[in-house]
There are 2 protein chains.
Amino acid sequence: MSKVVFGVDLGGTTVKMGYFSPEGELIEKWEIPTIKDNGGSQILPDIAASIKSKMAEKNISKEDVIGVGIGVPGPVSSDGVIYKAANLGWGVFSVKSEMEQLLDGIPAMAGNDANVAALGEMWCGGGKGYNNMVAVTLGTGVGGGIIVNGKILTGGTGSGGEIGHIHVDDNETETCGCGKKGCLEQYTSATGVTRLANIRLKKDDKPSQLRNGEVNSKTVWDAVKVGDSVAIDVANTFGEYLGKGLACVADVVNPEIFVIGGGVSKAGEVLIDYLKPSYTKYVFHGSKETKFALAKLGNDAGIYGAAKLVLDK
Amino acid sequence: MSKVVFGVDLGGTTVKMGYFSPEGELIEKWEIPTIKDNGGSQILPDIAASIKSKMAEKNISKEDVIGVGIGVPGPVSSDGVIYKAANLGWGVFSVKSEMEQLLDGIPAMAGNDANVAALGEMWCGGGKGYNNMVAVTLGTGVGGGIIVNGKILTGGTGSGGEIGHIHVDDNETETCGCGKKGCLEQYTSATGVTRLANIRLKKDDKPSQLRNGEVNSKTVWDAVKVGDSVAIDVANTFGEYLGKGLACVADVVNPEIFVIGGGVSKAGEVLIDYLKPSYTKYVFHGSKETKFALAKLGNDAGIYGAAKLVLDK
């Protein structure tokens, strides 16, 4: 039997799991529910049991398993210690050590879920072929995962890549979820796009198909694609903020490529068209040639990256 | 004879050189002029000759030399290739390979001068004991050197850490040397401090000792220290910009410590007092505890870091 590596993406409601060839072929994936009772103490045993059961089912011996990687929703140090995951009920402990014990010595690795997803996109997704990459997730919030020379940048306290809270507007009056004003997330998350659209719609009475139904990130981008000029105003404002924020990221880490994912990115390439002019305007010339691509792995990025975490160790 | 490592800091007018014990003790340092004739083709041979002559003088055998590191004023890839150094007349070539050839096979390493100086401060200066550090140089311009897990972050095209060109003011009307408007460098370099002071002085007729002589970074900070309220206004504006820019850097790479050097930093700890409130206001909470320190090695940071580059390889 050839070797395999397991990837686990631990979320607040489900645990996504899969196993891969060392070359990055996804052989099979499945999910189990995240049972958060008793301070989340059952979560890792549930994951270990599911892996063991899959190994038995597929006749995979312990020797065939290179290891098990796990992406966790919280800050994780490079040696696999989590510093609290509030929505799992977890405190501070070594996820890596506990997984290894539960798996009878199979090597384990742990990382922050957003960072791990970035690694997945670099391995087999939109960033394939690059070693210096920034993954940008435009979802409910805005997150980032920074890859330097093929490795996740975790930072001094596990807060590397918190690019959603870069300050991009001095005149903002509304407060971000983090307590500050003028964060990138306030304009470029799904909620941010909706907010920008509502502000624009209130400004005047200009006709727009957005006035006839629900206003959200999807309806805004759909309207942009059919030439709705109010929606285009919103896209321009969105692009101005996103380009400005990513220019700042590039001035710091000078990536070869930005890979953009998350719900908002379902709009497609058009999103990149709107951010590029602003990016070029704000960025230092040494990073002007940085590329932009869309994420490709969707919800599977986490299991891919978790597996890669083990292969890289 | 115990082992030694050479560090070379190649500048536009002089080459600083030194040799060290592997533990970071500077044994001796000296300088030679940078002769830039013929497209700078004599520079590396001059350096090699000087090293060989020092080895002969001190009875250091080839086997005693761990290697020679060199910091170069231009973007350098992690494998030692420089992509143009305009003020030396250099194009694209492997500084590492040429040095090794000139030194009869002694191992060499090359890095960007600002990044290498950052490494020096981490090894033996203000960042000693930390692995994740950002060095900030407030000189004629503003530069940065980013250290992640003990290694220099060079970036995809050697432009990592160009933090002087982070955008920090939407309302700036004057143009930065880079062609953009509102760069951190326009407010926090030596020239930037002078500019802020002149703008403040023109605003009204409030008495200030700055009205009686030359206005520059030193006279501004001297005036701050004796309670000159106009100078204090300037320091507040300076601190607002610097704190805002460094908050952005921290949101991206989450360092354990910022180490601040360059001419402006001669003002001392007072400079940190003025930037901290703004930093705390703008930064994401995960980086609120990041420390600030002053650089300690002055003009020797480059030779220390160049030596460390070799020890780390």
# chains A, B, ... in the order shown; residues from 1 in each chain; ligands from 1
call {"tool": "interface_residues", "arguments": {"of": "chain A", "to": "chain B", "cutoff": "8 Å", "atoms": "only C-alpha atoms", "output": "ChimeraX atom specification"}}
result
/A:131-132,148,153-163,165-167,170,178,180,244,247-256,281-287
call {"tool": "residues_around", "arguments": {"residues": "Gly262 in chain A", "least_positions_apart": "2", "cutoff": "12 Å", "atoms": "only C-alpha atoms", "output": "ChimeraX atom specification"}}
result
/A:114,117-118,135-144,188-190,217,259-260,264-268,294-301
call {"tool": "write_last_selection", "arguments": {"atoms": "C-alpha atoms", "output": "CSV table (one decimal), in the first residue's frame"}}
result
chain,number,residue,atom,x,y,z
A,114,ALA,CA,-7.1,30.3,8.0
A,117,ALA,CA,-6.3,26.9,4.2
A,118,ALA,CA,-3.7,29.3,2.7
A,135,ALA,CA,-4.3,34.1,0.8
A,136,VAL,CA,-7.1,36.6,1.4
A,137,THR,CA,-10.5,35.3,2.6
A,138,LEU,CA,-13.4,37.7,2.0
A,139,GLY,CA,-16.1,35.9,4.0
A,140,THR,CA,-18.2,37.0,6.9
A,141,GLY,CA,-15.0,38.6,8.1
A,142,VAL,CA,-11.8,39.2,6.2
A,143,GLY,CA,-8.8,36.9,7.1
A,144,GLY,CA,-5.4,36.3,5.7
A,188,THR,CA,-14.6,44.1,1.9
A,189,SER,CA,-16.2,41.3,3.8
A,190,ALA,CA,-19.6,40.1,2.7
A,217,SER,CA,-22.6,40.7,-1.9
A,259,VAL,CA,-5.0,34.3,-3.8
A,260,ILE,CA,-8.5,35.5,-3.1
A,264,VAL,CA,-17.3,37.4,-1.8
A,265,SER,CA,-14.8,35.9,-4.3
A,266,LYS,CA,-17.5,33.8,-5.9
A,267,ALA,CA,-18.1,37.0,-8.0
A,268,GLY,CA,-15.1,35.8,-10.0
A,294,LEU,CA,-8.9,33.3,-7.3
A,295,ALA,CA,-8.8,30.5,-4.8
A,296,LYS,CA,-9.7,27.1,-6.3
A,297,LEU,CA,-10.3,24.6,-3.5
A,298,GLY,CA,-13.3,26.2,-1.8
A,299,ASN,CA,-14.2,24.5,1.4
A,300,ASP,CA,-11.6,21.8,0.8
A,301,ALA,CA,-8.7,24.2,1.2
call {"tool": "atom_distance", "arguments": {"atom1": "CA of Ser229 in chain A", "atom2": "CA of Lys291 in chain A"}}
result
27.7 Å
call {"tool": "residues_around", "arguments": {"residues": "Gly40 in chain A", "least_positions_apart": "3", "cutoff": "7 Å", "atoms": "only C-alpha atoms", "output": "list in words"}}
result
Ile35, Lys36, Asp37, Ile43, Leu88, Gly89 and Trp90 of chain A
call {"tool": "write_last_selection", "arguments": {"atoms": "C-alpha atoms", "output": "JSON list (two decimals), in the first residue's frame"}}
result
[["chain", "number", "residue", "atom", "x", "y", "z"],
["A", 35, "ILE", "CA", -19.69, 17.84, 19.45],
["A", 36, "LYS", "CA", -18.80, 20.72, 21.75],
["A", 37, "ASP", "CA", -20.12, 19.34, 25.06],
["A", 43, "ILE", "CA", -13.66, 16.66, 19.80],
["A", 88, "LEU", "CA", -14.96, 25.18, 20.80],
["A", 89, "GLY", "CA", -14.65, 25.83, 24.52],
["A", 90, "TRP", "CA", -10.91, 25.11, 24.37]]
call {"tool": "residues_around", "arguments": {"residues": "Gly71 in chain B", "least_positions_apart": "5", "cutoff": "7 Å", "atoms": "only C-alpha atoms", "output": "ChimeraX atom specification"}}
result
/B:8-10,110-113,116,302,306
call {"tool": "atom_distance", "arguments": {"atom1": "CA of Trp123 in chain A", "atom2": "CA of Val134 in chain B"}}
result
28.0 Å
call {"tool": "select_by_dssp", "arguments": {"residues": "range 65-146 of chain B", "states": "helix (DSSP H, G or I)", "output": "list in words"}}
result
Ala86, Asn87, Leu88, Val95, Lys96, Ser97, Glu98, Met99, Glu100, Gln101, Leu102, Asp113, Ala114, Asn115, Val116, Ala117, Ala118, Leu119, Gly120, Glu121, Met122, Trp123 and Cys124 of chain B
call {"tool": "closest_residue", "arguments": {"among": "A:Asn212, A:Ser50, A:Thr237, A:Ser77", "to": "Ile199 in chain A", "atoms": "only C-alpha atoms"}}
result
A:Thr237
call {"tool": "closest_residue", "arguments": {"among": "A:Ile152, A:Ala235, A:Ile303, A:Met122", "to": "Phe258 in chain A", "atoms": "only C-alpha atoms"}}
result
A:Met122
call {"tool": "residues_around", "arguments": {"residues": "Gly18 in chain A", "least_positions_apart": "3", "cutoff": "8 Å", "atoms": "only C-alpha atoms", "output": "PyMOL selection string"}}
result
chain A and resi 6-8+26-30+303
call {"tool": "select_by_dssp", "arguments": {"residues": "range 105-187 of chain A", "states": "strand (DSSP E)", "output": "PyMOL selection string"}}
result
chain A and resi 108-112+133-138+142-148+151-152
call {"tool": "write_last_selection", "arguments": {"atoms": "C-alpha atoms", "output": "tab-separated table (two decimals), in the first residue's frame"}}
result
chain	number	residue	atom	x	y	z
A	108	ALA	CA	0.37	14.98	14.09
A	109	MET	CA	0.63	18.70	13.30
A	110	ALA	CA	-1.73	21.59	14.07
A	111	GLY	CA	-2.16	25.07	12.65
A	112	ASN	CA	-4.63	27.94	12.55
A	133	MET	CA	1.84	33.89	-1.24
A	134	VAL	CA	-0.86	35.72	0.64
A	135	ALA	CA	-4.30	34.12	0.82
A	136	VAL	CA	-7.10	36.62	1.36
A	137	THR	CA	-10.45	35.33	2.59
A	138	LEU	CA	-13.38	37.65	1.97
A	142	VAL	CA	-11.76	39.22	6.24
A	143	GLY	CA	-8.82	36.95	7.06
A	144	GLY	CA	-5.41	36.28	5.67
A	145	GLY	CA	-2.85	33.53	5.53
A	146	ILE	CA	0.72	34.42	4.72
A	147	ILE	CA	3.14	31.91	3.24
A	148	VAL	CA	6.85	32.80	3.24
A	151	LYS	CA	5.91	28.02	5.26
A	152	ILE	CA	3.04	29.58	7.17
